[in-house]
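Below: the structure, in structure tokens.
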Amino acid sequence: MTKYIQKLFNALRIELLMVWLLWVIVIVLGEVDVIPNGIIAPKSNEEFVLTTTAIVLTVVGIPLAIRLFTLNTTKGLRRMDNDEALNSYHIWSLVRMGILCLVALFCTTVYYLTMNVSGAVLALVAMVVTLYCWPSKEKIAAYLESVQQ
């Protein structure tokens, strides 16, 4: 079983690092002006809509990602064997990281399009939350222990 925990642990670390790499790529694209900087006029309706969308996406997305993971990795554990439990843990970790990645990438893009600092702050918040999701063997082992009870 330790082999499976190690395999899942490595996969989760690589996936988290890929999210960070994607975020860095979007930042680089914004810095080299592939994402047009400041194309949306300040104090325009477009800026308002994009900034509001980024705020709502962040305020809804971050708690949703964490709550979905918690609900789906604790509900119905008794009916799973270890392989199903590890698979479920992996899938819901991917869903959580996908939501956080979407929020961070959208907010970063909004920052470069509008040059409004709120987009950068929201993206930074989303990426800091991904650090909360950093996998550990202890978390995975504790999860499997709860499945076996």
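Each chain of the structure tokens is named A, B, ... in the order shown, its residues numbered from 1; ligands are numbered from 1 in display order.
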> What are the DSSP alpha helix (DSSP H) residues of chain A, as a ChimeraX atom specification?
Replying inline: /A:2-31,45-74,82-114,117-132,137-148
>> If we count only C-alpha atoms and set the cut-off at 7 Å, which residues sit around stretch 81-89 of chain A, ignoring sequence neighbours fewer than 4 positions away in its own chain? Please answer as a list in words.
In response: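 Residues near the query, excluding close chain neighbours: Thr73, Ser93 and Leu144 of chain A.
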Give me, as a tab-separated table, the closest atom pair and its distance (Å, one decimal) for every residue of stretch 14-114 of chain A within a cut-off of 9 Å of stretch 120-125 of chain A, counting only C-alpha atoms, rows sorted by chain and rising number.
```
residue	atom	partner	partner_atom	distance
A:Ala54	CA	A:Leu122	CA	7.5
A:Ile55	CA	A:Leu122	CA	7.1
A:Thr58	CA	A:Leu122	CA	6.7
A:Val103	CA	A:Ala123	CA	6.9
A:Ala104	CA	A:Ala123	CA	4.3
A:Leu105	CA	A:Ala123	CA	7.0
A:Phe106	CA	A:Ala123	CA	7.8
A:Cys107	CA	A:Ala123	CA	5.1
A:Thr108	CA	A:Ala123	CA	5.6
A:Thr109	CA	A:Ala120	CA	8.7
A:Val110	CA	A:Ala120	CA	8.1
A:Tyr111	CA	A:Ala120	CA	5.5
A:Tyr112	CA	A:Ala120	CA	8.4
```
